[in-house]
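S.K.: Here it is, the structure in full.
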Amino acid sequence: MTSGEVVAGPGEGHTPVILLAEDDVLVRFMTAEILRDAGYIVLEAVDASEALALIGTGHPLDLVVSDVRMPGQMDGAGLTYAIKQLRPSLPIVLISSHLEPRMTHAAEAFLSKPYSPSDLLELAEQFVGAQWQTRLSGPTAS
């Protein structure tokens, strides 16, 4: 993206934008490459505070993919609640090697590590595809 370039918001005719919050550099790199190779624009954050800073810029986003365990004061589960306060209709997918049964979160989906590229891309398509966007524009959209 060049300086001053405007990125279209959710809707028809734009390349979907995914925010990836993952502290492990190798996992973040591989996940971002899988998504970019599939045609998505990927913004990367190393922890919850950086993810919230990116969300706070107002940059158009179609999906957040976040690890559960990250350094800092907020983990991925906490990040889901913070995101829903700022952007209630923004879908979130949590990823982790395991999710404790008692852990609560506000994500729409969970993807277990290790995951296949096809599983990741299937979830991405589910939440940035036309079906999700239609649901957002319906009478029950938040």
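Labeling convention for the structure tokens: chains A, B, ... as they appear, residues from 1 per chain, ligands from 1 in order of appearance.
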Write out as a list in words the residues lying within 10 Å of Arg28 in chain A, counting only C-alpha atoms and excluding same-chain residues fewer than 4 positions away.
M.R.: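 That gives Leu20, Ala21, Glu22, Asp23, Asp24, Ala32, Glu33, Ile34, Glu44, Ala45, Val46, Ser66 and Asp67 of chain A.
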S.K.: List every residue of chain A that DSSP, applied to the backbone of this structure, places in alpha helix (DSSP H), and write the result as JSON, numbers by chain.
M.R.: {"A": [25, 26, 27, 28, 29, 30, 31, 32, 33, 34, 35, 36, 37, 48, 49, 50, 51, 52, 53, 54, 55, 56, 76, 77, 78, 79, 80, 81, 82, 83, 84, 85, 86, 117, 118, 119, 120, 121, 122, 123, 124, 125, 126, 127, 128, 130, 131, 132, 133, 134, 135, 136, 137]}
S.K.: So which one's closest to Leu123 in chain A, A:Thr57, A:Val42, A:Ala77, A:Val65? Using only C-alpha atoms, please.
M.R.: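 Nearest candidate to Leu123 in chain A out of A:Thr57, A:Val42, A:Ala77, A:Val65: A:Val65.
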S.K.: Pick out the residues sitting within 12 Å of range 124-126 of chain A, and hand them over as a ChimeraX atom specification; count only C-alpha atoms, and ignore anything fewer than 2 positions along from it in its own chain.
M.R.: /A:16-20,31-32,34-36,38-42,62-65,91-94,108-111,117-122,128-135
S.K.: One decimal, in Å: what's the spacing between CA of Ala53 in chain A and CA of Arg87 in chain A?
M.R.: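 CA of Ala53 in chain A sits 13.0 Å away from CA of Arg87 in chain A.
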S.K.: Let's see if you can do this: from backbone DSSP, list all strand (DSSP E or B) residues in chain A, as a list in words.
M.R.: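 Written out, the strand (DSSP E or B) residues of chain A are Val17, Ile18, Leu19, Leu20, Ala21, Ile41, Val42, Leu43, Glu44, Ala45, Leu63, Val64, Val65, Ser66, Asp67, Ile92, Val93, Leu94, Ile95, Ser96, Ala109, Phe110, Leu111 and Ser112 of chain A.
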